[in-house]
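Below you'll find the structure, written out as structure tokens, and then a few comments.
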Amino acid sequence: MAQIFRAKKRVVDKQAIEVKIHSLDHQGRGVASYQGKVCFVDGALANEQIKAQITNNKAKFFEARMLKVITPSDERVVPFCQHNDVCGGCQMQHLALSAQLQHKQQAVEKLFQKFTQQVALNWQSAIESDSTHYRRSARIASFYDKTTQSLKLGFRGFRSKKIVEIAECQVLSSHFHDVFIQLRQLLSSRSGFRTITHIQLCDADNGQFVLLRHTKAISDSDKNYLAEQGKALGWHLIWDNGVGHSELAVLPHYSVGEVRFEFTLDNFVQVNAPVNAAMLAQASDWLTLSEGDIVLDLFCGIGNFSLLFAKQATRVIGVEGSASSVAMAKQNAHTNQIENAEFHCFDLTQDMTQANWFNTEAKLLVLDPSRTGAFEILKQIPLAQFNKVLYVSCDPVTLARDSKLLLDAGFSLIKIGLMNMFPHTGHIETMVLFQRR
């Protein structure tokens with residue numbers, strides 16, 4: 001009979017340990033040494049002496065939660081949010097805003113040293129926005145507890161599926177300042193709303209859109225009631241039964257310069273509008289686009305980069321794996337009367353042998369992938385034909401990994417800069433410009 005090997009569980013030390021934090025990792029966790037291994041501590045800062053409790057004992061590292069700060073860092077501040085200790089959103093409110101970017105930059109530098117052996121990066125000024133009320137979209141969890149006969153409404157807890165009931169979120173758009181109070185009152189008013197499992201918010205240029213996902217049918221009378229109440233608050237309501245959405249008279253949109261981008265709540269859009277606008281301007285400036293340029297924009301989404309680039313270049317080819325995003329990109333090109341941008345639906349993790357979208361005359365390559373990065377397509381695409389590559393990253397690990405491919409292919413890293421899309425969080429957004437040597 002076949003024997004199945006099962007690794008022995010490592011015993012987790014429940015006793016408090018005392019360690020000195022020497023740095024932060026790319027997720028914003030404190031890094032220390034304990035029993036000859038690396039120990040990652042949530043909530044700890046560099047140069048702090050702390051007490052912590054081990055929560056996970058892996059082969060090469062420990063994970064721990066902080067119990068007490070013995071010697072605090074000069075950069076430690078009091079979090080501005082009452083839910084900071086339990087909410088899964090803003091994990092770095094305990095670190096002064098001025099120090100957050102510094103530590104994020106250091107984290108990126110360490111990863112580049114590890115993957116590319118580059119130690120001197122040409123850092124540009126970071127793109128920033130207001131550190132509060134910057135989120136134009138968010139997802140709220142909703143659950144009716146039959147035991148307590150009460151509605152739970154809020155965000156998921158830190159490293160947990162538990163709902164943390166939120167009174168107010170100070171990083172949400174100011175248009176949604178009272179949204180938790182309003183939603184509690186409305187969703188508690190009728191039993192038919194108990195099957196609503198989450199609410200998606202979007203503050204667009206043309207109003208506030210609120211999507212309600214429900215697991216069982218909701219009566220027309222209940223829907224009409226909520227529609228009337230929502231209209232009084234300025235909301236455009238969307239019902240989602242898990243199969244499809246109710247139709248809207250108008251789609252949400254945002255504008256950057258002269259270009260208007262329509263989207264659905266299924267499409268990915270950047271949540272920080274000012275940073276997005278500044279990011280697009282910087283991308284255009286770094287690429288020095290001019291008439292005659294042909295741009296290949298991979299992972300193009302709804303055309304966020306493509307349509308603005310098309311205003312300056314001769315031709316832009318956008319490629320995206322999401323069919324709904326490609327459809328919206330085409331619609332946005334039509335709406336804005338942009339005829340020199342074309343869009344193709346293609347899974348960029350797959351073999352590109354049959355990629356009829358590839359243009360051998362394109363000299364500028366733009367990459368804006370998800371957290372998984374662009375490794376698969378970079379291994380296949382003939383990089384030798386490009387003069388410049390602009391890489392917009394939302395994960396510093398895959399950015400550093402993919403950068404090695406570009407450096408090995410004959411490119412030099414010309415410029416690099418952070419975009420603080422998510423202040424008070426561990427998320428690191430980076431823009432890098434590569435140029436052929």
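Residue names in the structure tokens use chain letters A, B, ... in the order shown, residue numbers from 1 in each chain, and ligand numbers from 1 in the order shown.
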How close does each residue of range 165-208 of chain A get to range 154-161 of chain A, giving the shortest atom pair and distance in Å to one decimal for every residue with an atom at most 10 Å away, counting only C-alpha atoms, sorted by chain and residue number, as a tab-separated table?
```
residue	atom	partner	partner_atom	distance
A:Glu165	CA	A:Gly154	CA	4.4
A:Ile166	CA	A:Gly154	CA	4.8
A:Ala167	CA	A:Gly154	CA	8.1
A:Glu168	CA	A:Gly154	CA	9.3
A:Cys169	CA	A:Gly154	CA	9.5
A:Phe180	CA	A:Gly154	CA	7.7
A:Arg184	CA	A:Gly154	CA	9.9
A:His198	CA	A:Gly154	CA	9.3
A:Ile199	CA	A:Gly154	CA	9.7
```
Restricted to N, CA, C and O atoms, what would the selected residues look like written as a PDB file, in the first residue's frame?
```pdb
ATOM      1  N   GLU A 165     -16.921  45.348  12.409  1.00  0.00           N
ATOM      2  CA  GLU A 165     -17.969  46.347  12.219  1.00  0.00           C
ATOM      3  C   GLU A 165     -17.363  47.743  12.259  1.00  0.00           C
ATOM      4  O   GLU A 165     -16.715  48.135  13.223  1.00  0.00           O
ATOM      5  N   ILE A 166     -17.569  48.496  11.183  1.00  0.00           N
ATOM      6  CA  ILE A 166     -16.942  49.799  11.008  1.00  0.00           C
ATOM      7  C   ILE A 166     -17.955  50.918  11.265  1.00  0.00           C
ATOM      8  O   ILE A 166     -19.089  50.864  10.774  1.00  0.00           O
ATOM      9  N   ALA A 167     -17.529  51.914  12.029  1.00  0.00           N
ATOM     10  CA  ALA A 167     -18.367  53.090  12.259  1.00  0.00           C
ATOM     11  C   ALA A 167     -18.105  54.146  11.189  1.00  0.00           C
ATOM     12  O   ALA A 167     -19.028  54.769  10.666  1.00  0.00           O
ATOM     13  N   GLU A 168     -16.821  54.317  10.853  1.00  0.00           N
ATOM     14  CA  GLU A 168     -16.436  55.332   9.866  1.00  0.00           C
ATOM     15  C   GLU A 168     -15.083  54.960   9.281  1.00  0.00           C
ATOM     16  O   GLU A 168     -14.205  54.480   9.988  1.00  0.00           O
ATOM     17  N   CYS A 169     -14.917  55.159   7.982  1.00  0.00           N
ATOM     18  CA  CYS A 169     -13.643  54.887   7.314  1.00  0.00           C
ATOM     19  C   CYS A 169     -13.102  56.193   6.744  1.00  0.00           C
ATOM     20  O   CYS A 169     -13.715  56.794   5.862  1.00  0.00           O
ATOM     21  N   PHE A 180     -21.622  53.937   6.301  1.00  0.00           N
ATOM     22  CA  PHE A 180     -21.889  52.818   7.196  1.00  0.00           C
ATOM     23  C   PHE A 180     -23.138  53.068   8.045  1.00  0.00           C
ATOM     24  O   PHE A 180     -23.922  52.145   8.288  1.00  0.00           O
ATOM     25  N   ARG A 184     -26.472  50.719   7.438  1.00  0.00           N
ATOM     26  CA  ARG A 184     -27.030  49.975   8.585  1.00  0.00           C
ATOM     27  C   ARG A 184     -28.517  50.268   8.745  1.00  0.00           C
ATOM     28  O   ARG A 184     -29.325  49.364   8.988  1.00  0.00           O
ATOM     29  N   HIS A 198     -22.528  41.423   0.259  1.00  0.00           N
ATOM     30  CA  HIS A 198     -21.523  42.492   0.196  1.00  0.00           C
ATOM     31  C   HIS A 198     -22.031  43.671  -0.604  1.00  0.00           C
ATOM     32  O   HIS A 198     -22.957  43.547  -1.410  1.00  0.00           O
ATOM     33  N   ILE A 199     -21.420  44.802  -0.333  1.00  0.00           N
ATOM     34  CA  ILE A 199     -21.779  46.049  -1.017  1.00  0.00           C
ATOM     35  C   ILE A 199     -20.507  46.624  -1.620  1.00  0.00           C
ATOM     36  O   ILE A 199     -19.494  46.748  -0.934  1.00  0.00           O
TER      37      ILE A 199
END
```
Task: All strand (DSSP E or B) residues (DSSP, backbone) inside range 43-273 of chain A, as an MDAnalysis selection string - done: chainID A and resid 49:57 61:71 76 87 95 123 127 135 137:145 150:157 163:165 172 196:204 207:214 235:240 245 253:256 259:262
Any chance you can output those residues with C-alpha atoms as a short mmCIF file (atom, residue, chain, number, x, y, z; two decimals), in the first residue's frame?
```cif
data_model
loop_
_atom_site.label_atom_id
_atom_site.label_comp_id
_atom_site.auth_asym_id
_atom_site.auth_seq_id
_atom_site.Cartn_x
_atom_site.Cartn_y
_atom_site.Cartn_z
CA GLN A 49 12.53 46.45 21.10
CA ILE A 50 9.30 44.50 21.41
CA LYS A 51 7.53 41.54 22.96
CA ALA A 52 5.75 39.25 20.53
CA GLN A 53 4.06 35.88 20.30
CA ILE A 54 4.91 33.35 17.57
CA THR A 55 1.87 32.53 15.43
CA ASN A 56 3.56 30.44 12.74
CA ASN A 57 6.73 28.35 12.76
CA PHE A 61 11.14 31.79 9.29
CA PHE A 62 8.74 32.64 12.10
CA GLU A 63 5.64 34.82 11.96
CA ALA A 64 4.55 36.65 15.09
CA ARG A 65 2.12 39.20 16.42
CA MET A 66 3.26 42.04 18.59
CA LEU A 67 2.21 42.07 22.24
CA LYS A 68 4.02 45.14 23.56
CA VAL A 69 6.43 47.85 22.44
CA ILE A 70 9.25 48.10 24.98
CA THR A 71 11.33 50.74 23.19
CA ARG A 76 5.82 55.51 15.65
CA CYS A 87 -9.39 46.09 10.44
CA LEU A 95 4.16 54.60 11.04
CA TRP A 123 14.97 57.29 -7.74
CA ILE A 127 3.73 60.49 -6.68
CA ARG A 135 -10.32 55.72 -2.05
CA SER A 137 -14.00 52.46 -4.42
CA ALA A 138 -14.26 49.80 -1.71
CA ARG A 139 -16.03 46.56 -0.88
CA ILE A 140 -18.03 46.18 2.32
CA ALA A 141 -19.02 42.82 3.83
CA SER A 142 -22.56 42.31 5.11
CA PHE A 143 -23.89 39.43 7.23
CA TYR A 144 -27.12 38.96 9.15
CA ASP A 145 -26.42 37.05 12.36
CA SER A 150 -28.39 41.80 14.09
CA LEU A 151 -26.65 43.01 10.95
CA LYS A 152 -22.86 42.94 10.80
CA LEU A 153 -21.46 45.48 8.37
CA GLY A 154 -17.82 46.35 7.79
CA PHE A 155 -14.48 45.17 6.41
CA ARG A 156 -12.75 41.82 6.87
CA GLY A 157 -10.39 41.62 9.82
CA ILE A 163 -16.25 41.01 9.77
CA VAL A 164 -15.02 44.03 11.72
CA GLU A 165 -17.97 46.35 12.22
CA LEU A 172 -12.98 56.36 1.80
CA ILE A 196 -27.16 40.83 0.93
CA THR A 197 -23.60 39.56 1.37
CA HIS A 198 -21.52 42.49 0.20
CA ILE A 199 -21.78 46.05 -1.02
CA GLN A 200 -19.42 47.57 -3.56
CA LEU A 201 -18.95 51.34 -3.52
CA CYS A 202 -17.71 53.52 -6.34
CA ASP A 203 -17.38 57.30 -6.31
CA ALA A 204 -17.24 58.19 -10.01
CA GLY A 207 -22.06 60.21 -9.01
CA GLN A 208 -21.90 57.51 -6.38
CA PHE A 209 -22.63 53.94 -7.44
CA VAL A 210 -23.61 51.23 -4.95
CA LEU A 211 -23.73 47.56 -5.96
CA LEU A 212 -25.58 45.12 -3.69
CA ARG A 213 -24.80 41.42 -4.04
CA HIS A 214 -27.51 39.08 -2.72
CA TRP A 235 -26.78 56.80 -5.11
CA HIS A 236 -27.11 54.82 -8.33
CA LEU A 237 -28.12 51.33 -7.15
CA ILE A 238 -27.04 48.15 -8.91
CA TRP A 239 -28.43 44.72 -7.96
CA ASP A 240 -26.24 41.64 -8.40
CA HIS A 245 -26.29 42.89 -12.80
CA HIS A 253 -16.90 57.24 -15.54
CA TYR A 254 -13.76 59.22 -14.71
CA SER A 255 -11.82 61.69 -16.83
CA VAL A 256 -8.12 62.34 -17.25
CA VAL A 259 -10.28 61.51 -22.24
CA ARG A 260 -13.33 60.06 -20.48
CA PHE A 261 -13.18 56.46 -19.29
CA GLU A 262 -16.45 54.59 -18.74
#
```
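Nearest residue to Leu280 in chain A, choosing from A:Asp368, A:Asp85, A:Glu48, A:Glu376 and counting only C-alpha atoms: A:Asp368.
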Open item on the list: One decimal, in Å: what's the spacing between CA of Ala313 in chain A and CA of Val432 in chain A?
Closed with: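 We find that CA of Ala313 in chain A and CA of Val432 in chain A lie 20.1 Å from each other.
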Open item on the list: Restricting the calculation to only C-alpha atoms: of A:Gln170, A:Leu390, A:Leu183, A:Asp130, which residue gets closest to His83 in chain A?
Closed with: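 Result for the nearest residue to His83 in chain A: A:Gln170.
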Open item on the list: Could you list, as a list of chain:residue names, every residue within 10 Å of range 109-113 of chain A, counting only C-alpha atoms and ignoring same-chain residues fewer than 2 positions away?
Closed with: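 The filter keeps A:Asp25, A:His26, A:His103, A:Lys104, A:Gln105, A:Gln106, A:Ala107, A:Phe115, A:Thr116, A:Gln117, A:Gln118, A:Val119, A:Ala120, A:Leu121, A:Trp123, A:Pro396, A:Val397, A:Thr398, A:Leu399, A:Ala400, A:Arg401, A:Ser403, A:Lys404.
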- [ ] Identify which of the residues A:Val108, A:Ala333, A:Leu265, A:Cys90 lies closest to Thr132 in chain A, counting only C-alpha atoms when measuring atom-to-atom distances.
- [x]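 Looking at the shortest contact to Thr132 in chain A, the residue is A:Cys90.
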Open item on the list: Residues near Ser322 in chain A, anyone? I mean within 10 Å using only C-alpha atoms, not counting same-chain ones fewer than 3 positions away, as number ranges by chain.
Closed with: A: 267-268, 299-302, 319, 325-327, 344-347
Open item on the list: I'd like the interatomic distance between CA of Trp357 in chain A and CA of Pro382 in chain A, to a tenth of an Å.
Closed with: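 Going from CA of Trp357 in chain A over to CA of Pro382 in chain A, I get 13.6 Å.
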Task: Interatomic distance (Å, one decimal) between CA of Gly303 in chain A and CA of Gly318 in chain A - done: 7.2 Å
TODO: Can you list, as a list in words, all residues belonging to range 331-433 of chain A that DSSP tags as helix (DSSP H, G or I)?
DONE: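 Here is the list: Gln331, Asn332, Ala333, His334, Thr335, Phe375, Glu376, Ile377, Leu378, Lys379, Gln380, Leu383, Ala384, Gln385, Pro396, Val397, Thr398, Leu399, Ala400, Arg401, Asp402, Ser403, Lys404, Leu405, Leu406, Leu407 and Asp408 of chain A.
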Resulting file, chosen residues, C-alpha atoms, as a compact mmCIF listing (two decimals), in the first residue's frame:
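Printed below is out_24.txt as written:
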```txt
# COMPACT_ATOMS: atom_id res chain seq x y z
CA GLN A 331 -16.18 51.50 -26.31
CA ASN A 332 -14.04 54.20 -24.68
CA ALA A 333 -12.00 54.60 -27.86
CA HIS A 334 -15.24 55.06 -29.82
CA THR A 335 -16.71 57.49 -27.26
CA PHE A 375 7.29 37.03 -16.52
CA GLU A 376 5.53 34.65 -18.95
CA ILE A 377 5.08 37.21 -21.72
CA LEU A 378 8.55 38.73 -21.23
CA LYS A 379 10.12 35.30 -21.78
CA GLN A 380 8.41 35.07 -25.18
CA LEU A 383 12.51 42.29 -26.59
CA ALA A 384 15.31 43.24 -28.98
CA GLN A 385 12.92 45.30 -31.12
CA PRO A 396 7.78 44.73 -5.85
CA VAL A 397 8.78 41.05 -5.78
CA THR A 398 7.55 40.26 -9.28
CA LEU A 399 8.84 43.64 -10.47
CA ALA A 400 12.37 42.84 -9.30
CA ARG A 401 12.15 39.33 -10.77
CA ASP A 402 10.93 40.60 -14.16
CA SER A 403 13.47 43.44 -14.17
CA LYS A 404 16.28 40.90 -14.28
CA LEU A 405 14.89 39.57 -17.56
CA LEU A 406 14.90 43.07 -19.03
CA LEU A 407 18.39 43.87 -17.77
CA ASP A 408 19.71 40.59 -19.15
```
- [ ] Considering only C-alpha atoms, state which residue in the set A:Ser370, A:Asn387, A:Gln337, A:Ser290 is at the smallest distance from Glu429 in chain A.
- [x] A:Ser370
TODO: Quick one: everything within 10 Å of Glu339 in chain A, counting only C-alpha atoms, minus sequence neighbours fewer than 2 positions away in the same chain. Send it as a list in words.
DONE: Leu307, Ala310, Lys311, Arg315, Val316, Lys330, Ala333, His334, Asn336, Gln337, Ala341 and Glu342 of chain A
